[in-house]
$ cat work-v8.txt   # compact mmCIF, C-alpha atoms
# COMPACT_ATOMS: atom_id res chain seq x y z
CA THR A 1 12.42 -12.07 1.98
CA GLN A 2 8.97 -10.51 2.00
CA LEU A 3 6.18 -11.80 4.18
CA LEU A 4 3.76 -11.73 1.25
CA GLU A 5 4.78 -12.93 -2.20
CA GLN A 6 2.83 -12.19 -5.36
CA SER A 7 2.93 -13.82 -8.76
CA PRO A 8 3.31 -13.17 -11.53
CA GLN A 9 5.27 -9.95 -11.16
CA PHE A 10 4.18 -8.73 -14.61
CA LEU A 11 1.30 -9.79 -16.83
CA SER A 12 0.38 -8.47 -20.26
CA ILE A 13 -2.77 -9.80 -21.90
CA GLN A 14 -5.26 -8.95 -24.62
CA GLU A 15 -8.67 -7.49 -23.90
CA GLY A 16 -11.22 -10.24 -23.30
CA GLU A 17 -8.80 -12.77 -21.81
CA ASN A 18 -9.12 -14.22 -18.32
CA LEU A 19 -6.32 -14.12 -15.74
CA THR A 20 -5.46 -15.10 -12.20
CA VAL A 21 -2.89 -13.51 -9.90
CA TYR A 22 -1.72 -14.97 -6.63
CA CYS A 23 -0.73 -13.81 -3.16
CA ASN A 24 1.10 -16.30 -0.91
CA SER A 25 2.65 -16.38 2.54
CA SER A 26 4.10 -18.92 4.95
CA SER A 27 2.24 -17.08 7.75
CA VAL A 28 -1.42 -17.13 8.68
CA PHE A 29 -3.32 -13.88 8.27
CA SER A 30 -6.56 -12.99 10.01
CA SER A 31 -7.60 -11.23 6.81
CA LEU A 32 -6.13 -10.16 3.50
CA GLN A 33 -6.93 -7.15 1.39
CA TRP A 34 -6.50 -6.47 -2.32
CA TYR A 35 -5.76 -2.97 -3.60
CA ARG A 36 -5.39 -1.58 -7.11
CA GLN A 37 -3.02 1.27 -7.82
CA GLU A 38 -3.03 3.38 -10.98
CA PRO A 39 -0.06 5.51 -12.09
CA GLY A 40 0.42 8.65 -10.02
CA GLU A 41 -2.16 7.66 -7.44
CA GLY A 42 -2.33 5.87 -4.15
CA PRO A 43 -3.72 2.32 -3.85
CA VAL A 44 -7.49 1.90 -3.55
CA LEU A 45 -9.12 -0.98 -1.70
CA LEU A 46 -10.93 -3.59 -3.83
CA VAL A 47 -11.89 -6.18 -1.23
CA THR A 48 -11.20 -7.65 2.21
CA VAL A 49 -11.36 -11.42 2.70
CA VAL A 50 -11.69 -12.66 6.26
CA THR A 51 -12.84 -16.29 6.41
CA GLY A 52 -10.75 -19.25 5.19
CA GLY A 53 -12.22 -20.55 1.93
CA GLU A 54 -14.19 -17.34 1.37
CA VAL A 55 -15.02 -16.30 -2.19
CA LYS A 56 -16.05 -12.72 -2.97
CA LYS A 57 -17.16 -11.37 -6.32
CA LEU A 58 -16.91 -7.77 -7.46
CA LYS A 59 -18.38 -7.60 -10.99
CA ARG A 60 -15.76 -9.38 -13.16
CA LEU A 61 -13.31 -9.82 -10.28
CA THR A 62 -13.40 -12.94 -8.07
CA PHE A 63 -11.34 -13.09 -4.89
CA GLN A 64 -10.61 -16.24 -2.92
CA PHE A 65 -9.02 -16.68 0.51
CA GLY A 66 -7.25 -19.99 1.05
CA ASP A 67 -8.61 -22.47 3.57
CA ALA A 68 -5.49 -22.10 5.72
CA ARG A 69 -5.61 -18.28 5.42
CA LYS A 70 -2.07 -18.18 4.03
CA ASP A 71 -2.90 -17.35 0.43
CA SER A 72 -5.37 -15.55 -1.80
CA SER A 73 -6.10 -15.25 -5.49
CA LEU A 74 -7.70 -12.69 -7.76
CA HIS A 75 -9.36 -13.86 -10.96
CA ILE A 76 -10.45 -11.38 -13.63
CA THR A 77 -12.91 -12.51 -16.29
CA ALA A 78 -12.89 -10.86 -19.72
CA ALA A 79 -10.24 -8.30 -18.82
CA GLN A 80 -10.66 -4.75 -20.06
CA PRO A 81 -8.09 -1.96 -20.59
CA GLY A 82 -9.56 -0.24 -17.53
CA ASP A 83 -8.28 -3.16 -15.40
CA THR A 84 -4.70 -2.08 -16.11
CA GLY A 85 -2.80 -1.26 -12.93
CA LEU A 86 -0.73 -2.59 -10.05
CA TYR A 87 -2.55 -5.13 -7.89
CA LEU A 88 -1.34 -5.35 -4.31
CA CYS A 89 -2.28 -7.76 -1.57
CA GLY A 90 -1.79 -6.79 2.06
CA GLY A 91 -2.59 -7.92 5.57
CA ASN A 92 -2.07 -7.21 9.24
CA TYR A 93 1.08 -8.70 10.79
CA GLY A 94 1.04 -7.73 14.43
CA GLN A 95 0.58 -3.97 14.53
CA ASN A 96 1.97 -3.59 11.03
CA PHE A 97 0.02 -3.71 7.79
CA VAL A 98 2.32 -5.25 5.17
CA PHE A 99 2.05 -5.51 1.41
CA GLY A 100 3.31 -7.88 -1.22
CA PRO A 101 5.40 -6.56 -4.13
CA GLY A 102 2.41 -6.45 -6.46
CA THR A 103 1.42 -7.75 -9.89
CA ARG A 104 1.59 -5.19 -12.67
CA LEU A 105 -1.21 -5.93 -15.15
CA SER A 106 -1.43 -4.48 -18.63
CA VAL A 107 -4.55 -5.15 -20.69
CA LEU A 108 -4.08 -4.31 -24.34
CA PRO A 109 -7.06 -3.26 -26.50
CA ASN B 1 -13.81 15.34 0.13
CA ALA B 2 -10.13 15.95 0.95
CA GLY B 3 -9.36 12.54 2.54
CA VAL B 4 -5.58 12.17 2.92
CA THR B 5 -3.51 15.09 1.66
CA GLN B 6 0.25 14.89 1.11
CA THR B 7 2.64 17.73 0.33
CA PRO B 8 4.80 18.26 -1.58
CA LYS B 9 4.05 16.01 -4.57
CA PHE B 10 7.61 16.31 -5.89
CA GLN B 11 10.91 17.20 -4.19
CA VAL B 12 14.56 17.08 -5.17
CA LEU B 13 17.16 17.16 -2.40
CA LYS B 14 20.91 17.03 -2.20
CA THR B 15 22.59 14.42 -0.01
CA GLY B 16 22.66 15.60 3.59
CA GLN B 17 19.75 18.02 3.32
CA SER B 18 16.75 17.70 5.59
CA MET B 19 13.08 17.97 4.78
CA THR B 20 9.61 17.14 6.04
CA LEU B 21 6.86 15.41 4.11
CA GLN B 22 3.47 16.57 5.33
CA CYS B 23 0.40 14.37 5.71
CA ALA B 24 -3.03 15.46 6.87
CA GLN B 25 -6.33 13.59 7.05
CA ASP B 26 -9.81 14.96 7.73
CA MET B 27 -11.58 11.66 8.50
CA ASN B 28 -10.79 11.58 12.23
CA HIS B 29 -8.83 8.35 11.75
CA GLU B 30 -6.81 7.13 14.71
CA TYR B 31 -4.30 5.13 12.67
CA MET B 32 -1.85 6.80 10.30
CA SER B 33 1.20 5.40 8.56
CA TRP B 34 3.97 6.14 6.09
CA TYR B 35 5.08 3.77 3.34
CA ARG B 36 7.75 3.99 0.71
CA GLN B 37 7.30 2.36 -2.68
CA ASP B 38 10.23 1.17 -4.75
CA PRO B 39 10.15 -0.86 -7.99
CA GLY B 40 9.67 -4.57 -7.32
CA MET B 41 9.40 -4.02 -3.55
CA GLY B 42 5.78 -3.04 -3.16
CA LEU B 43 4.91 -0.77 -0.23
CA ARG B 44 7.15 -0.98 2.82
CA LEU B 45 6.03 0.44 6.16
CA ILE B 46 8.30 3.13 7.61
CA HIS B 47 6.49 4.35 10.74
CA TYR B 48 2.96 4.27 12.03
CA SER B 49 0.82 5.84 14.74
CA VAL B 50 -2.26 4.46 16.51
CA GLY B 51 -3.23 7.83 17.95
CA ALA B 52 -2.03 11.29 18.94
CA GLY B 53 1.19 11.08 20.94
CA ILE B 54 1.87 7.43 19.96
CA THR B 55 4.26 6.37 17.21
CA ASP B 56 6.13 3.18 16.41
CA GLN B 57 8.56 1.77 13.88
CA GLY B 58 7.62 -0.28 10.85
CA GLU B 59 9.78 -2.42 8.56
CA VAL B 60 12.23 0.27 7.33
CA PRO B 61 12.42 3.09 9.92
CA ASN B 62 16.12 4.00 9.70
CA GLY B 63 16.77 7.56 8.53
CA TYR B 64 13.21 8.75 9.23
CA ASN B 65 11.52 10.42 12.20
CA VAL B 66 7.83 11.00 12.86
CA SER B 67 5.64 12.70 15.44
CA ARG B 68 1.89 12.79 16.02
CA SER B 69 0.84 15.87 17.98
CA THR B 70 -2.71 15.94 16.58
CA THR B 71 -5.12 13.35 15.20
CA GLU B 72 -5.05 15.06 11.80
CA ASP B 73 -1.33 15.40 11.07
CA PHE B 74 1.52 12.90 10.75
CA PRO B 75 4.68 14.46 9.27
CA LEU B 76 7.66 12.39 8.12
CA ARG B 77 11.12 13.93 8.62
CA LEU B 78 14.32 13.09 6.81
CA LEU B 79 17.12 14.55 8.93
CA SER B 80 20.01 13.90 6.52
CA ALA B 81 18.82 12.67 3.14
CA ALA B 82 20.68 9.87 1.35
CA PRO B 83 20.35 8.65 -2.27
CA SER B 84 18.89 5.38 -0.90
CA GLN B 85 15.88 7.41 0.24
CA THR B 86 14.95 8.24 -3.34
CA SER B 87 11.45 6.78 -3.56
CA VAL B 88 7.75 7.51 -3.72
CA TYR B 89 6.26 8.03 -0.27
CA PHE B 90 2.65 7.35 0.64
CA CYS B 91 0.75 8.35 3.72
CA ALA B 92 -2.25 6.24 4.70
CA SER B 93 -4.89 6.33 7.40
CA ARG B 94 -7.71 4.15 8.68
CA PRO B 95 -10.10 4.00 11.62
CA GLY B 96 -8.57 2.46 14.74
CA LEU B 97 -9.64 -1.17 14.31
CA PRO B 98 -7.13 -3.45 12.52
CA GLY B 99 -8.35 -4.88 9.23
CA GLY B 100 -10.12 -1.73 8.16
CA GLU B 101 -9.65 -0.04 4.80
CA LEU B 102 -6.48 2.01 4.35
CA PHE B 103 -7.00 5.36 2.67
CA PHE B 104 -3.95 6.62 0.81
CA GLY B 105 -2.72 10.02 -0.26
CA GLU B 106 -1.56 10.60 -3.82
CA GLY B 107 2.10 10.17 -2.98
CA SER B 108 5.22 12.32 -2.78
CA ARG B 109 8.06 11.61 -5.21
CA LEU B 110 11.43 12.32 -3.59
CA THR B 111 14.75 12.33 -5.43
CA VAL B 112 18.00 12.61 -3.47
CA LEU B 113 21.04 13.52 -5.58

$ encode --input "work-v8.txt" --output "structure tokens"
Amino acid sequence: TQLLEQSPQFLSIQEGENLTVYCNSSSVFSSLQWYRQEPGEGPVLLVTVVTGGEVKKLKRLTFQFGDARKDSSLHITAAQPGDTGLYLCGGNYGQNFVFGPGTRLSVLP
Amino acid sequence: NAGVTQTPKFQVLKTGQSMTLQCAQDMNHEYMSWYRQDPGMGLRLIHYSVGAGITDQGEVPNGYNVSRSTTEDFPLRLLSAAPSQTSVYFCASRPGLPGGELFFGEGSRLTVL
């Protein structure tokens, strides 16, 4: 059982559609981070959310941290093929930084 | 801008062989870590270090050793490789404070036959 769960595991959509992916835990996190990973590369940080209820926007990406700081969501508006990749959420658990299993997104032109 | 550099990028080993994955960072980061990535499992923490001379175990440390003699380098050693260690390995670093951005290398793909 992983500390962070992500859903869906896979998502394939057409260009221009909207989507939401989720990151959930039974534990409280002081902050959560979202990373995107492209094939053959390491993950790259998209955003850090710190405050319960916080909403952050990064162009067409909207990130939300749950009020109880146990969950987060990533919403993409008008997805583009360049959004294709593996989206990972992660957070500090004690001295460890742990990740969820990821959502693999494919945006078809 | 080198950032985090991992070598080698690809390696094939036979069961029982030993090898070292190298990781170096030029950002003067105190914290360094090793993850392995397997399909459907995300990134799992193997070992980490909060500074030179200090290392600790992560979620899946068995079969791996690390050392941190300098701030820049954090090698990962497999003493006797097993097929279960076939994976993609990532080194990551960040400044000392928790919650900061993790900077990753490009990964090392290891196959153990």

$ interface_residues --input "work-v8.txt" --of "chain A" --to "chain B" --cutoff "12 Å" --atoms "all atoms listed in the file" --output "short mmCIF file (atom, residue, chain, number, x, y, z; two decimals) with C-alpha atoms, in the coordinates of the input"
data_model
loop_
_atom_site.label_atom_id
_atom_site.label_comp_id
_atom_site.auth_asym_id
_atom_site.auth_seq_id
_atom_site.Cartn_x
_atom_site.Cartn_y
_atom_site.Cartn_z
CA THR A 1 12.42 -12.07 1.98
CA GLN A 2 8.97 -10.51 2.00
CA LEU A 3 6.18 -11.80 4.18
CA LEU A 4 3.76 -11.73 1.25
CA GLU A 5 4.78 -12.93 -2.20
CA GLN A 6 2.83 -12.19 -5.36
CA SER A 7 2.93 -13.82 -8.76
CA PRO A 8 3.31 -13.17 -11.53
CA GLN A 9 5.27 -9.95 -11.16
CA PHE A 10 4.18 -8.73 -14.61
CA PHE A 29 -3.32 -13.88 8.27
CA SER A 30 -6.56 -12.99 10.01
CA SER A 31 -7.60 -11.23 6.81
CA LEU A 32 -6.13 -10.16 3.50
CA GLN A 33 -6.93 -7.15 1.39
CA TRP A 34 -6.50 -6.47 -2.32
CA TYR A 35 -5.76 -2.97 -3.60
CA ARG A 36 -5.39 -1.58 -7.11
CA GLN A 37 -3.02 1.27 -7.82
CA GLU A 38 -3.03 3.38 -10.98
CA PRO A 39 -0.06 5.51 -12.09
CA GLY A 40 0.42 8.65 -10.02
CA GLU A 41 -2.16 7.66 -7.44
CA GLY A 42 -2.33 5.87 -4.15
CA PRO A 43 -3.72 2.32 -3.85
CA VAL A 44 -7.49 1.90 -3.55
CA LEU A 45 -9.12 -0.98 -1.70
CA LEU A 46 -10.93 -3.59 -3.83
CA VAL A 47 -11.89 -6.18 -1.23
CA THR A 48 -11.20 -7.65 2.21
CA VAL A 49 -11.36 -11.42 2.70
CA VAL A 50 -11.69 -12.66 6.26
CA LEU A 86 -0.73 -2.59 -10.05
CA TYR A 87 -2.55 -5.13 -7.89
CA LEU A 88 -1.34 -5.35 -4.31
CA CYS A 89 -2.28 -7.76 -1.57
CA GLY A 90 -1.79 -6.79 2.06
CA GLY A 91 -2.59 -7.92 5.57
CA ASN A 92 -2.07 -7.21 9.24
CA TYR A 93 1.08 -8.70 10.79
CA GLY A 94 1.04 -7.73 14.43
CA GLN A 95 0.58 -3.97 14.53
CA ASN A 96 1.97 -3.59 11.03
CA PHE A 97 0.02 -3.71 7.79
CA VAL A 98 2.32 -5.25 5.17
CA PHE A 99 2.05 -5.51 1.41
CA GLY A 100 3.31 -7.88 -1.22
CA PRO A 101 5.40 -6.56 -4.13
CA GLY A 102 2.41 -6.45 -6.46
CA THR A 103 1.42 -7.75 -9.89
CA ARG A 104 1.59 -5.19 -12.67
#

$ residues_near_point --input "work-v8.txt" --point "(-0.6, -21.8, -0.2)" --cutoff "9 Å" --atoms "all atoms listed in the file" --output "MDAnalysis selection string"
chainID A and resid 23:26 66:72

$ write_last_selection --input "work-v8.txt" --atoms "C-alpha atoms" --output "tab-separated table (two decimals), in the frame of the given file"
chain	number	residue	atom	x	y	z
A	23	CYS	CA	-0.73	-13.81	-3.16
A	24	ASN	CA	1.10	-16.30	-0.91
A	25	SER	CA	2.65	-16.38	2.54
A	26	SER	CA	4.10	-18.92	4.95
A	66	GLY	CA	-7.25	-19.99	1.05
A	67	ASP	CA	-8.61	-22.47	3.57
A	68	ALA	CA	-5.49	-22.10	5.72
A	69	ARG	CA	-5.61	-18.28	5.42
A	70	LYS	CA	-2.07	-18.18	4.03
A	71	ASP	CA	-2.90	-17.35	0.43
A	72	SER	CA	-5.37	-15.55	-1.80

$ axis_aligned_box --input "work-v8.txt" --around "segment 62-80 of chain A" --padding-each-side "8 Å" --output "JSON"
{"center_x": -7.7, "center_y": -13.6, "center_z": -7.2, "size_x": 27.3, "size_y": 33.7, "size_z": 41.8}

$ residues_around --input "work-v8.txt" --residues "segment 15-17 of chain B" --least-positions-apart "5" --cutoff "8 Å" --atoms "all atoms listed in the file" --output "VMD selection string"
chain B and resid 79 to 83 112 to 113

$ write_last_selection --input "work-v8.txt" --atoms "C-alpha atoms" --output "PDB file, keeping the file's coordinate frame"
ATOM      1  CA  LEU B  79      17.120  14.550   8.930  1.00  0.00           C
ATOM      2  CA  SER B  80      20.010  13.900   6.520  1.00  0.00           C
ATOM      3  CA  ALA B  81      18.820  12.670   3.140  1.00  0.00           C
ATOM      4  CA  ALA B  82      20.680   9.870   1.350  1.00  0.00           C
ATOM      5  CA  PRO B  83      20.350   8.650  -2.270  1.00  0.00           C
ATOM      6  CA  VAL B 112      18.000  12.610  -3.470  1.00  0.00           C
ATOM      7  CA  LEU B 113      21.040  13.520  -5.580  1.00  0.00           C
TER       8      LEU B 113
END

$ closest_residue --input "work-v8.txt" --among "A:Val28, A:Ala79, A:Leu74, A:Leu61" --to "Pro109 of chain A" --atoms "all atoms listed in the file"
A:Ala79

$ atom_distance --input "work-v8.txt" --atom1 "atom CA of Ala2 of chain B" --atom2 "atom CA of Leu76 of chain B"
19.5 Å

$ atom_distance --input "work-v8.txt" --atom1 "atom CA of Leu105 of chain A" --atom2 "atom CA of Thr62 of chain A"
15.7 Å

$ residues_near_point --input "work-v8.txt" --point "(-2.2, -2.6, -21.3)" --cutoff "7 Å" --atoms "only C-alpha atoms" --output "PyMOL selection string"
chain A and resi 12+81+84+106-108

$ atom_distance --input "work-v8.txt" --atom1 "atom CA of Leu13 of chain B" --atom2 "atom CA of Asn62 of chain B"
17.9 Å

$ residues_around --input "work-v8.txt" --residues "segment 63-72 of chain B" --least-positions-apart "5" --cutoff "6 Å" --atoms "only C-alpha atoms" --output "VMD selection string"
chain B and resid 24 to 25 52 to 53 77 to 78

$ build_atoms --input "work-v8.txt" --residues "segment 90-107 of chain A" --atoms "N, CA, C and O atoms" --output "PDB file, keeping the file's coordinate frame"
ATOM      1  N   GLY A  90      -2.346  -7.255   0.791  1.00  0.00           N
ATOM      2  CA  GLY A  90      -1.790  -6.790   2.060  1.00  0.00           C
ATOM      3  C   GLY A  90      -2.576  -7.367   3.214  1.00  0.00           C
ATOM      4  O   GLY A  90      -3.727  -7.781   3.074  1.00  0.00           O
ATOM      5  N   GLY A  91      -1.919  -7.407   4.383  1.00  0.00           N
ATOM      6  CA  GLY A  91      -2.590  -7.920   5.570  1.00  0.00           C
ATOM      7  C   GLY A  91      -1.903  -7.458   6.832  1.00  0.00           C
ATOM      8  O   GLY A  91      -0.751  -6.996   6.802  1.00  0.00           O
ATOM      9  N   ASN A  92      -2.620  -7.595   7.946  1.00  0.00           N
ATOM     10  CA  ASN A  92      -2.070  -7.210   9.240  1.00  0.00           C
ATOM     11  C   ASN A  92      -1.094  -8.260   9.741  1.00  0.00           C
ATOM     12  O   ASN A  92      -1.395  -9.451   9.728  1.00  0.00           O
ATOM     13  N   TYR A  93       0.075  -7.821  10.172  1.00  0.00           N
ATOM     14  CA  TYR A  93       1.080  -8.700  10.790  1.00  0.00           C
ATOM     15  C   TYR A  93       1.487  -8.014  12.082  1.00  0.00           C
ATOM     16  O   TYR A  93       2.302  -7.097  12.088  1.00  0.00           O
ATOM     17  N   GLY A  94       0.880  -8.457  13.177  1.00  0.00           N
ATOM     18  CA  GLY A  94       1.040  -7.730  14.430  1.00  0.00           C
ATOM     19  C   GLY A  94       0.387  -6.371  14.273  1.00  0.00           C
ATOM     20  O   GLY A  94      -0.744  -6.253  13.819  1.00  0.00           O
ATOM     21  N   GLN A  95       1.099  -5.322  14.670  1.00  0.00           N
ATOM     22  CA  GLN A  95       0.580  -3.970  14.530  1.00  0.00           C
ATOM     23  C   GLN A  95       0.820  -3.401  13.138  1.00  0.00           C
ATOM     24  O   GLN A  95       0.301  -2.337  12.804  1.00  0.00           O
ATOM     25  N   ASN A  96       1.625  -4.097  12.357  1.00  0.00           N
ATOM     26  CA  ASN A  96       1.970  -3.590  11.030  1.00  0.00           C
ATOM     27  C   ASN A  96       0.994  -4.080   9.987  1.00  0.00           C
ATOM     28  O   ASN A  96       0.496  -5.215  10.067  1.00  0.00           O
ATOM     29  N   PHE A  97       0.745  -3.248   8.978  1.00  0.00           N
ATOM     30  CA  PHE A  97       0.020  -3.710   7.790  1.00  0.00           C
ATOM     31  C   PHE A  97       1.055  -3.801   6.687  1.00  0.00           C
ATOM     32  O   PHE A  97       1.634  -2.797   6.286  1.00  0.00           O
ATOM     33  N   VAL A  98       1.268  -5.019   6.152  1.00  0.00           N
ATOM     34  CA  VAL A  98       2.320  -5.250   5.170  1.00  0.00           C
ATOM     35  C   VAL A  98       1.724  -5.595   3.823  1.00  0.00           C
ATOM     36  O   VAL A  98       0.621  -6.142   3.729  1.00  0.00           O
ATOM     37  N   PHE A  99       2.487  -5.270   2.777  1.00  0.00           N
ATOM     38  CA  PHE A  99       2.050  -5.510   1.410  1.00  0.00           C
ATOM     39  C   PHE A  99       3.005  -6.459   0.701  1.00  0.00           C
ATOM     40  O   PHE A  99       4.189  -6.548   1.030  1.00  0.00           O
ATOM     41  N   GLY A 100       2.475  -7.144  -0.299  1.00  0.00           N
ATOM     42  CA  GLY A 100       3.310  -7.880  -1.220  1.00  0.00           C
ATOM     43  C   GLY A 100       3.877  -6.928  -2.263  1.00  0.00           C
ATOM     44  O   GLY A 100       3.504  -5.752  -2.312  1.00  0.00           O
ATOM     45  N   PRO A 101       4.767  -7.419  -3.134  1.00  0.00           N
ATOM     46  CA  PRO A 101       5.400  -6.560  -4.130  1.00  0.00           C
ATOM     47  C   PRO A 101       4.493  -6.160  -5.282  1.00  0.00           C
ATOM     48  O   PRO A 101       4.818  -5.235  -6.026  1.00  0.00           O
ATOM     49  N   GLY A 102       3.365  -6.848  -5.436  1.00  0.00           N
ATOM     50  CA  GLY A 102       2.410  -6.450  -6.460  1.00  0.00           C
ATOM     51  C   GLY A 102       2.547  -7.215  -7.772  1.00  0.00           C
ATOM     52  O   GLY A 102       3.595  -7.770  -8.085  1.00  0.00           O
ATOM     53  N   THR A 103       1.452  -7.249  -8.508  1.00  0.00           N
ATOM     54  CA  THR A 103       1.420  -7.750  -9.890  1.00  0.00           C
ATOM     55  C   THR A 103       1.026  -6.583 -10.781  1.00  0.00           C
ATOM     56  O   THR A 103      -0.038  -5.988 -10.584  1.00  0.00           O
ATOM     57  N   ARG A 104       1.892  -6.288 -11.744  1.00  0.00           N
ATOM     58  CA  ARG A 104       1.590  -5.190 -12.670  1.00  0.00           C
ATOM     59  C   ARG A 104       0.901  -5.762 -13.899  1.00  0.00           C
ATOM     60  O   ARG A 104       1.501  -6.512 -14.662  1.00  0.00           O
ATOM     61  N   LEU A 105      -0.373  -5.402 -14.069  1.00  0.00           N
ATOM     62  CA  LEU A 105      -1.210  -5.930 -15.150  1.00  0.00           C
ATOM     63  C   LEU A 105      -1.377  -4.887 -16.243  1.00  0.00           C
ATOM     64  O   LEU A 105      -1.687  -3.730 -15.955  1.00  0.00           O
ATOM     65  N   SER A 106      -1.182  -5.334 -17.470  1.00  0.00           N
ATOM     66  CA  SER A 106      -1.430  -4.480 -18.630  1.00  0.00           C
ATOM     67  C   SER A 106      -2.403  -5.200 -19.539  1.00  0.00           C
ATOM     68  O   SER A 106      -2.137  -6.325 -19.970  1.00  0.00           O
ATOM     69  N   VAL A 107      -3.550  -4.577 -19.803  1.00  0.00           N
ATOM     70  CA  VAL A 107      -4.550  -5.150 -20.690  1.00  0.00           C
ATOM     71  C   VAL A 107      -4.571  -4.338 -21.964  1.00  0.00           C
ATOM     72  O   VAL A 107      -4.917  -3.148 -21.959  1.00  0.00           O
TER      73      VAL A 107
END
